[in-house]
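Working notes, beginning with the structure itself.
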Amino acid sequence: MKRSLPLLWRRINERYNLVGSICQTCNTPYFPSRKICPKCRRKGKLISQKMPNEGKIFTFTQVHAAPAGFEHETPYFMAIIQLKNDVKVLAQLVDSPVEKVKIGANAKMVFRKIYEDNHEGAIAYGYKFKIV
Amino acid sequence: MRGVSVIGTGLTKFGEHWSVGFRELITEAAVKSIEDANIEGKEIQAIFGGTMASGSFIGQEHIGALIADQLGMNPIPSIRMEAACASGSVALRSAYFAVASGMYDVVAVGGVEKMTDISTEEAATALGGAGDQEWELFLGATFPALYALLARRHMLEYGTTEEQMASVSVKNHANGVLNPYAQFQKEITIDEVMNSGYIASPLKLLDCSPITDGAASLILCASEKARKYTDLPIEIVGTGQASDTLALSNRANMTELNATKEAAKQAYSQAKVDSSKISLAEVHDCFSIAEILAIEDLGFFSKGQGGKASMDGRTALNSDISINTSGGLKACGHPVGATGIKQVCEVVWQLRNEAGKRQVEGAEYGLTHNVGGSGATAVVNILKRAD
């Protein structure tokens with residue numbers, strides 16, 4: 001899918017720095033950021049919060065049939081990482097030996113190119129994770 | 001609220017329809033349902049259509065108007081509903097409410113998707129819109145990948161195996177052989193599934209439902225007036241719908257679809273039955289693991305036992321519970337917007353004793369279960385013979 005520059009630009013803080021939110025009322029962290037805390041709703045107060053950049057693999061898959069824009073990367077791993085604050089994040093796993101990709105393995109965020117076939121010439125960057 | 005019954009069903013063959021388009025498909029299904037209901041077109045007071053991504057698949061929106069126009073039914077109201085792969089079912093629920101409320105007596109409900117006019121990669125991207133565009137697809141996730149993440153977790157927590165998942169596809173193909181509407185009418189073996197190549201590990205090609213063209217249609221009527229048209233109306237005695245987070249990663253539990261459990265609770269409660277009363281169910285097996293999750297979340301088997309139950313043949317035709325007698329999404333095919341309506345067609349035929357070689361014996365209650373995305377929408381309907 002074609003993604004415009006503003007669409008990429010407005011997510012930079014979240015995608016480059018893993019910035020989500022935390023509710024000051026119930027202390028629940030969220031990623032990606034939210035405007036409303038599902039637990040407290042209008043009694044909640046959400047502010048920006050950087051997520052911890054380490055966690056463990058909660059579940060994973062190796063993608064062999066990729067969507068448009070990712071064909072040249074197959075096969076690649078995608079995982080849901082349970083961060084140290086228990087927030088779960090979906091991300092690609094990179095620079096990780098196949099035999100170490102297991103549920104429970106420690107993983108750390110890295111900054112990578114996501115894809116570059118944007119029709120306005122912009123390269124999309126963001127978080128991926130690697131096994132440590 | 002008054003009772004609502006199905007008095008007409010219509011279905012196109014599911015498959016790759018190179019020579020016909022979106023409008024021919026929905027027209028064929030609609031006309032069949034009107035003939036089946038033995039009514040005049042002018043008795044239909046409103047149309048509810050379900051389609052997921054016609055804009056991406058054929059560049060066409062404004063589907064409600066298109067359907068009314070093609071059927072020659074202007075100027076009656078006609079709308080399109082969307083909830084990803086559950087689009088057909090949410091259209092059905094809207095139609096149900098319209099009749100139950102007393103606003104209309106007779107309405108038509110359609111579901112349609114024309115998916116083969118674009119490349120497989122483009123279709124995968126269009127279907128990806130059922131997930132979270134900004135936080136799943138953007139990063140390279142596919143739909144098989146999301147269900148693979150659920151599968152891996154189910155394998156870890158309950159010991160579910162790839163062979164058990166394969167047995168779901170094997171059973172659904174065996175049912176598909178008996179269904180003349182099915183896209184695939186060919187038996188497959190566990191070995192063939194196991195050797196079919198990974199799409200998103202642990203899911204392989206034959207764990208995945210195909211890309212399909214097709215349409216389905218129903219005529220709904222107020223139960224109090226249904227006998228004017230048919231001796232055997234099939235009543236919708238329970239309906240439920242629930243939602244969950246759009247993105248899979250935001251869910252606490254990844255070995256169930258909570259929306260399925262919530263929708264089932266509503267439907268069972270309204271129908272005043274529990275899962276033990278259900279003889280057959282059409283469940284949303286977009287991937288083999290999805291059928292395992294469904295038969296657990298609907299209460300047919302306890303959590304974690306769905307894989308073993310499938311492998312042991314307990315979901316086969318005329319076993320403990322007949323699951324996906326149509327062949328399911330896997331073998332019958334999955335034209336996304338049509339699927340929820342096709343499921344109801346199959347259950348109606350079973351309850352009317354019109355399912356031919358795949359007939360379930362002595363069925364009184366049947367259930368349909370339709371999921372949007374990775375479980376952000378789920379719809380459950382319970383149907384009953386009204387005799």
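We label chains A, B, ... in the order they appear in the structure tokens, count residues from 1 in each chain, and number ligands from 1 in the order shown.
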Checklist entry - Lys204 (chain B): which residues within 10 Å, counting only C-alpha atoms, same-chain residues fewer than 2 positions away excluded, as a list in words? => result His64 of chain A; Pro144, Ala148, Glu162, Met165, Ala166, Val193, Met194, Asn195, Ser196, Gly197, Tyr198, Ile199, Ala200, Ser201, Pro202, Leu206, Asp207, Cys208, Phe287 and Ser288 of chain B
Take the residues from that selection and write them out as a PDB file, in the first residue's frame, keeping N, CA and C atoms.
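Now in part-v2.pdb:
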ATOM      1  N   HIS A  64       6.956 -16.646   5.134  1.00  0.00           N
ATOM      2  CA  HIS A  64       7.513 -17.087   3.850  1.00  0.00           C
ATOM      3  C   HIS A  64       6.800 -16.439   2.678  1.00  0.00           C
TER       4      HIS A  64
ATOM      5  N   PRO B 144      -1.882 -14.656   7.580  1.00  0.00           N
ATOM      6  CA  PRO B 144      -1.375 -15.950   8.071  1.00  0.00           C
ATOM      7  C   PRO B 144      -0.401 -15.769   9.243  1.00  0.00           C
ATOM      8  N   ALA B 148      -0.592 -17.456  12.801  1.00  0.00           N
ATOM      9  CA  ALA B 148       0.560 -18.297  13.166  1.00  0.00           C
ATOM     10  C   ALA B 148       1.042 -17.944  14.575  1.00  0.00           C
ATOM     11  N   GLU B 162       1.302 -29.700  14.834  1.00  0.00           N
ATOM     12  CA  GLU B 162       1.054 -29.334  13.440  1.00  0.00           C
ATOM     13  C   GLU B 162       0.185 -30.391  12.764  1.00  0.00           C
ATOM     14  N   MET B 165      -3.409 -29.712  13.625  1.00  0.00           N
ATOM     15  CA  MET B 165      -3.940 -28.623  12.802  1.00  0.00           C
ATOM     16  C   MET B 165      -4.215 -29.137  11.391  1.00  0.00           C
ATOM     17  N   ALA B 166      -3.308 -29.941  10.871  1.00  0.00           N
ATOM     18  CA  ALA B 166      -3.488 -30.492   9.516  1.00  0.00           C
ATOM     19  C   ALA B 166      -4.773 -31.299   9.427  1.00  0.00           C
ATOM     20  N   VAL B 193      -0.736 -31.991   3.715  1.00  0.00           N
ATOM     21  CA  VAL B 193      -0.742 -30.710   4.435  1.00  0.00           C
ATOM     22  C   VAL B 193       0.658 -30.451   5.005  1.00  0.00           C
ATOM     23  N   MET B 194       1.226 -31.474   5.639  1.00  0.00           N
ATOM     24  CA  MET B 194       2.527 -31.311   6.305  1.00  0.00           C
ATOM     25  C   MET B 194       3.629 -30.948   5.312  1.00  0.00           C
ATOM     26  N   ASN B 195       3.482 -31.404   4.057  1.00  0.00           N
ATOM     27  CA  ASN B 195       4.505 -31.140   3.042  1.00  0.00           C
ATOM     28  C   ASN B 195       4.144 -29.979   2.124  1.00  0.00           C
ATOM     29  N   SER B 196       3.141 -29.187   2.501  1.00  0.00           N
ATOM     30  CA  SER B 196       2.673 -28.173   1.551  1.00  0.00           C
ATOM     31  C   SER B 196       3.441 -26.853   1.619  1.00  0.00           C
ATOM     32  N   GLY B 197       4.446 -26.757   2.465  1.00  0.00           N
ATOM     33  CA  GLY B 197       5.297 -25.563   2.462  1.00  0.00           C
ATOM     34  C   GLY B 197       4.757 -24.473   3.360  1.00  0.00           C
ATOM     35  N   TYR B 198       5.662 -23.872   4.130  1.00  0.00           N
ATOM     36  CA  TYR B 198       5.235 -22.843   5.077  1.00  0.00           C
ATOM     37  C   TYR B 198       4.805 -21.563   4.372  1.00  0.00           C
ATOM     38  N   ILE B 199       3.717 -20.996   4.866  1.00  0.00           N
ATOM     39  CA  ILE B 199       3.295 -19.647   4.490  1.00  0.00           C
ATOM     40  C   ILE B 199       3.766 -18.709   5.602  1.00  0.00           C
ATOM     41  N   ALA B 200       3.439 -19.044   6.840  1.00  0.00           N
ATOM     42  CA  ALA B 200       3.953 -18.365   8.043  1.00  0.00           C
ATOM     43  C   ALA B 200       4.008 -19.482   9.093  1.00  0.00           C
ATOM     44  N   SER B 201       5.206 -19.934   9.414  1.00  0.00           N
ATOM     45  CA  SER B 201       5.348 -21.109  10.278  1.00  0.00           C
ATOM     46  C   SER B 201       4.641 -20.866  11.614  1.00  0.00           C
ATOM     47  N   PRO B 202       3.938 -21.828  12.187  1.00  0.00           N
ATOM     48  CA  PRO B 202       3.798 -23.221  11.738  1.00  0.00           C
ATOM     49  C   PRO B 202       2.699 -23.460  10.708  1.00  0.00           C
ATOM     50  N   LEU B 206      -1.661 -25.544   3.038  1.00  0.00           N
ATOM     51  CA  LEU B 206      -2.947 -26.243   3.182  1.00  0.00           C
ATOM     52  C   LEU B 206      -3.571 -26.077   4.565  1.00  0.00           C
ATOM     53  N   ASP B 207      -2.959 -25.235   5.421  1.00  0.00           N
ATOM     54  CA  ASP B 207      -3.642 -24.783   6.639  1.00  0.00           C
ATOM     55  C   ASP B 207      -4.466 -23.531   6.356  1.00  0.00           C
ATOM     56  N   CYS B 208      -4.310 -22.947   5.168  1.00  0.00           N
ATOM     57  CA  CYS B 208      -4.864 -21.617   4.878  1.00  0.00           C
ATOM     58  C   CYS B 208      -6.051 -21.710   3.925  1.00  0.00           C
ATOM     59  N   PHE B 287      -7.898 -20.234   8.973  1.00  0.00           N
ATOM     60  CA  PHE B 287      -6.689 -21.058   9.098  1.00  0.00           C
ATOM     61  C   PHE B 287      -7.068 -22.227  10.002  1.00  0.00           C
ATOM     62  N   SER B 288      -6.348 -23.332   9.872  1.00  0.00           N
ATOM     63  CA  SER B 288      -6.719 -24.525  10.639  1.00  0.00           C
ATOM     64  C   SER B 288      -6.750 -24.234  12.138  1.00  0.00           C
TER      65      SER B 288
END
For chain B, list the residues within 7 Å of chain A, counting only C-alpha atoms, and write the list as a PDB file with C-alpha atoms, in the first residue's frame.
ATOM      1  CA  GLU B 121       0.083  -9.974  -3.335  1.00  0.00           C
ATOM      2  CA  GLU B 122      -2.447  -7.183  -3.838  1.00  0.00           C
ATOM      3  CA  ALA B 124      -3.033 -10.192   0.611  1.00  0.00           C
ATOM      4  CA  THR B 125      -2.542  -6.457   1.159  1.00  0.00           C
ATOM      5  CA  GLU B 136       0.819  -4.814  12.070  1.00  0.00           C
ATOM      6  CA  LEU B 139       5.799  -3.807   9.866  1.00  0.00           C
ATOM      7  CA  GLY B 140       5.439  -6.720   7.441  1.00  0.00           C
ATOM      8  CA  THR B 142       0.390 -10.835   7.031  1.00  0.00           C
ATOM      9  CA  ALA B 145       1.384 -14.499  10.289  1.00  0.00           C
ATOM     10  CA  ALA B 148       0.560 -18.297  13.166  1.00  0.00           C
ATOM     11  CA  LEU B 149       1.379 -16.241  16.270  1.00  0.00           C
ATOM     12  CA  ARG B 152       2.509 -21.068  18.251  1.00  0.00           C
ATOM     13  CA  ARG B 153       1.105 -19.940  21.575  1.00  0.00           C
ATOM     14  CA  TYR B 198       5.235 -22.843   5.077  1.00  0.00           C
ATOM     15  CA  ILE B 199       3.295 -19.647   4.490  1.00  0.00           C
ATOM     16  CA  ALA B 200       3.953 -18.365   8.043  1.00  0.00           C
ATOM     17  CA  SER B 201       5.348 -21.109  10.278  1.00  0.00           C
ATOM     18  CA  PRO B 202       3.798 -23.221  11.738  1.00  0.00           C
ATOM     19  CA  SER B 249      -0.517  -7.820  20.298  1.00  0.00           C
ATOM     20  CA  ASN B 250      -2.787  -5.742  22.542  1.00  0.00           C
TER      21      ASN B 250
END
Checklist entry - Could you write out, as a PyMOL selection string, all the residues of region 10-257 of chain B that DSSP marks as strand (DSSP E)? => result chain B and resi 10-11+47-50+78-81+106-113+198-200+203-204+214-222+234-243
Next, write the just-selected residues to a file, as a tab-separated table (two decimals), in the first residue's frame, keeping N, CA and C atoms as the atom set.
chain	number	residue	atom	x	y	z
B	10	GLY	N	-29.70	-18.48	-1.22
B	10	GLY	CA	-29.12	-18.53	-2.57
B	10	GLY	C	-27.62	-18.46	-2.50
B	11	LEU	N	-26.95	-19.28	-3.28
B	11	LEU	CA	-25.48	-19.33	-3.22
B	11	LEU	C	-24.95	-19.54	-4.64
B	47	ILE	N	-32.63	-3.95	1.50
B	47	ILE	CA	-31.50	-4.83	1.21
B	47	ILE	C	-30.33	-4.47	2.12
B	48	PHE	N	-29.69	-5.50	2.68
B	48	PHE	CA	-28.50	-5.34	3.51
B	48	PHE	C	-27.40	-6.18	2.88
B	49	GLY	N	-26.31	-5.53	2.47
B	49	GLY	CA	-25.23	-6.25	1.79
B	49	GLY	C	-23.96	-6.21	2.60
B	50	GLY	N	-23.22	-7.32	2.61
B	50	GLY	CA	-21.93	-7.36	3.28
B	50	GLY	C	-20.82	-7.58	2.28
B	78	SER	N	-31.05	0.35	0.47
B	78	SER	CA	-30.06	-0.73	0.33
B	78	SER	C	-28.75	-0.23	0.88
B	79	ILE	N	-28.18	-0.96	1.86
B	79	ILE	CA	-26.92	-0.50	2.44
B	79	ILE	C	-25.89	-1.61	2.47
B	80	ARG	N	-24.62	-1.20	2.56
B	80	ARG	CA	-23.50	-2.14	2.65
B	80	ARG	C	-22.91	-2.03	4.05
B	81	MET	N	-22.64	-3.20	4.68
B	81	MET	CA	-22.04	-3.23	6.00
B	81	MET	C	-20.65	-3.84	5.87
B	106	VAL	N	-40.16	-8.26	5.31
B	106	VAL	CA	-39.34	-9.11	4.43
B	106	VAL	C	-38.15	-8.29	3.93
B	107	VAL	N	-36.95	-8.82	4.14
B	107	VAL	CA	-35.74	-8.13	3.65
B	107	VAL	C	-34.79	-9.15	3.01
B	108	ALA	N	-33.90	-8.65	2.16
B	108	ALA	CA	-32.87	-9.49	1.56
B	108	ALA	C	-31.53	-9.15	2.19
B	109	VAL	N	-30.71	-10.19	2.40
B	109	VAL	CA	-29.35	-10.00	2.94
B	109	VAL	C	-28.38	-10.65	1.97
B	110	GLY	N	-27.37	-9.90	1.54
B	110	GLY	CA	-26.39	-10.49	0.62
B	110	GLY	C	-25.00	-10.39	1.18
B	111	GLY	N	-24.14	-11.28	0.72
B	111	GLY	CA	-22.71	-11.19	1.01
B	111	GLY	C	-21.97	-11.52	-0.26
B	112	VAL	N	-20.92	-10.75	-0.56
B	112	VAL	CA	-20.23	-10.98	-1.85
B	112	VAL	C	-18.79	-10.51	-1.76
B	113	GLU	N	-17.91	-11.19	-2.47
B	113	GLU	CA	-16.55	-10.69	-2.65
B	113	GLU	C	-16.04	-11.22	-3.99
B	198	TYR	N	5.66	-23.87	4.13
B	198	TYR	CA	5.24	-22.84	5.08
B	198	TYR	C	4.80	-21.56	4.37
B	199	ILE	N	3.72	-21.00	4.87
B	199	ILE	CA	3.30	-19.65	4.49
B	199	ILE	C	3.77	-18.71	5.60
B	200	ALA	N	3.44	-19.04	6.84
B	200	ALA	CA	3.95	-18.36	8.04
B	200	ALA	C	4.01	-19.48	9.09
B	203	LEU	N	2.10	-22.42	10.13
B	203	LEU	CA	1.01	-22.62	9.17
B	203	LEU	C	1.55	-22.81	7.77
B	204	LYS	N	1.02	-23.83	7.10
B	204	LYS	CA	1.44	-24.17	5.75
B	204	LYS	C	0.34	-23.83	4.77
B	214	GLY	N	-17.27	-15.28	-4.90
B	214	GLY	CA	-18.55	-15.92	-4.61
B	214	GLY	C	-19.52	-14.96	-3.94
B	215	ALA	N	-20.76	-15.38	-3.92
B	215	ALA	CA	-21.80	-14.57	-3.28
B	215	ALA	C	-22.85	-15.49	-2.67
B	216	ALA	N	-23.53	-14.96	-1.66
B	216	ALA	CA	-24.57	-15.71	-0.97
B	216	ALA	C	-25.68	-14.74	-0.61
B	217	SER	N	-26.88	-15.25	-0.49
B	217	SER	CA	-28.02	-14.37	-0.20
B	217	SER	C	-29.07	-15.10	0.62
B	218	LEU	N	-29.76	-14.34	1.46
B	218	LEU	CA	-30.84	-14.88	2.29
B	218	LEU	C	-32.05	-13.96	2.18
B	219	ILE	N	-33.23	-14.54	2.32
B	219	ILE	CA	-34.43	-13.73	2.51
B	219	ILE	C	-34.90	-13.97	3.94
B	220	LEU	N	-35.02	-12.88	4.70
B	220	LEU	CA	-35.50	-12.96	6.08
B	220	LEU	C	-36.94	-12.47	6.14
B	221	CYS	N	-37.70	-13.08	7.03
B	221	CYS	CA	-39.11	-12.71	7.16
B	221	CYS	C	-39.49	-12.77	8.63
B	222	ALA	N	-40.40	-11.91	9.05
B	222	ALA	CA	-40.92	-12.00	10.41
B	222	ALA	C	-41.50	-13.40	10.61
B	234	ILE	N	-36.78	-21.50	9.00
B	234	ILE	CA	-35.68	-21.77	9.94
B	234	ILE	C	-35.47	-20.49	10.73
B	235	GLU	N	-35.73	-20.56	12.03
B	235	GLU	CA	-35.71	-19.34	12.84
B	235	GLU	C	-34.32	-19.03	13.38
B	236	ILE	N	-33.98	-17.74	13.36
B	236	ILE	CA	-32.73	-17.28	14.00
B	236	ILE	C	-33.10	-17.06	15.47
B	237	VAL	N	-32.75	-18.03	16.33
B	237	VAL	CA	-33.22	-17.95	17.71
B	237	VAL	C	-32.22	-17.27	18.64
B	238	GLY	N	-31.00	-17.05	18.14
B	238	GLY	CA	-30.02	-16.34	18.95
B	238	GLY	C	-28.98	-15.69	18.06
B	239	THR	N	-28.57	-14.47	18.42
B	239	THR	CA	-27.51	-13.82	17.66
B	239	THR	C	-26.67	-13.00	18.61
B	240	GLY	N	-25.36	-13.04	18.41
B	240	GLY	CA	-24.45	-12.27	19.27
B	240	GLY	C	-23.31	-11.71	18.47
B	241	GLN	N	-22.80	-10.59	18.93
B	241	GLN	CA	-21.63	-9.99	18.27
B	241	GLN	C	-20.77	-9.33	19.33
B	242	ALA	N	-19.46	-9.43	19.18
B	242	ALA	CA	-18.57	-8.78	20.15
B	242	ALA	C	-17.33	-8.26	19.44
B	243	SER	N	-16.60	-7.38	20.14
B	243	SER	CA	-15.40	-6.77	19.58
B	243	SER	C	-14.21	-7.01	20.48
Next on the checklist: Can you tell me which residues surround region 40-45 of chain A at a distance of at most 8 Å, considering only C-alpha atoms, apart from same-chain residues fewer than 6 positions away, and format the answer as a list in words?
Outcome noted: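 Residues meeting the cut-off are Cys23, Gln24, Thr25 and Cys26 of chain A.
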Next on the checklist: For a test of reading the model, state the distance in Å between CA of Ala271 (chain B) and CA of Ser89 (chain B), rounded to one decimal.
Outcome noted: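 Distance between the two atoms: 17.3 Å.
In terms of minimum interatomic distance to Pro29 (chain A), A:Lys50 ranks closest within A:Lys100, A:Lys50, A:Arg112, A:Lys56, counting only C-alpha atoms.
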Neighbour list for Ala105 (chain A) as a PDB file with C-alpha atoms, in the first residue's frame, cut-off 8 Å, only C-alpha atoms, skip fewer than 6 positions in-chain:
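Result saved to out-v4.pdb:
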ATOM      1  CA  LYS A  56      11.137 -11.660  25.868  1.00  0.00           C
ATOM      2  CA  ILE A  57       9.636 -13.400  22.854  1.00  0.00           C
ATOM      3  CA  ILE A 131      17.807 -11.794  20.155  1.00  0.00           C
ATOM      4  CA  VAL A 132      20.421 -10.985  22.800  1.00  0.00           C
TER       5      VAL A 132
END
Checklist entry - Any idea what's packed within 9 Å of Ser96 (chain A), counting only C-alpha atoms, ignoring anything in its chain fewer than 2 positions away? Could you give it as a ChimeraX atom specification? => result /A:93-94,98-101,129-132
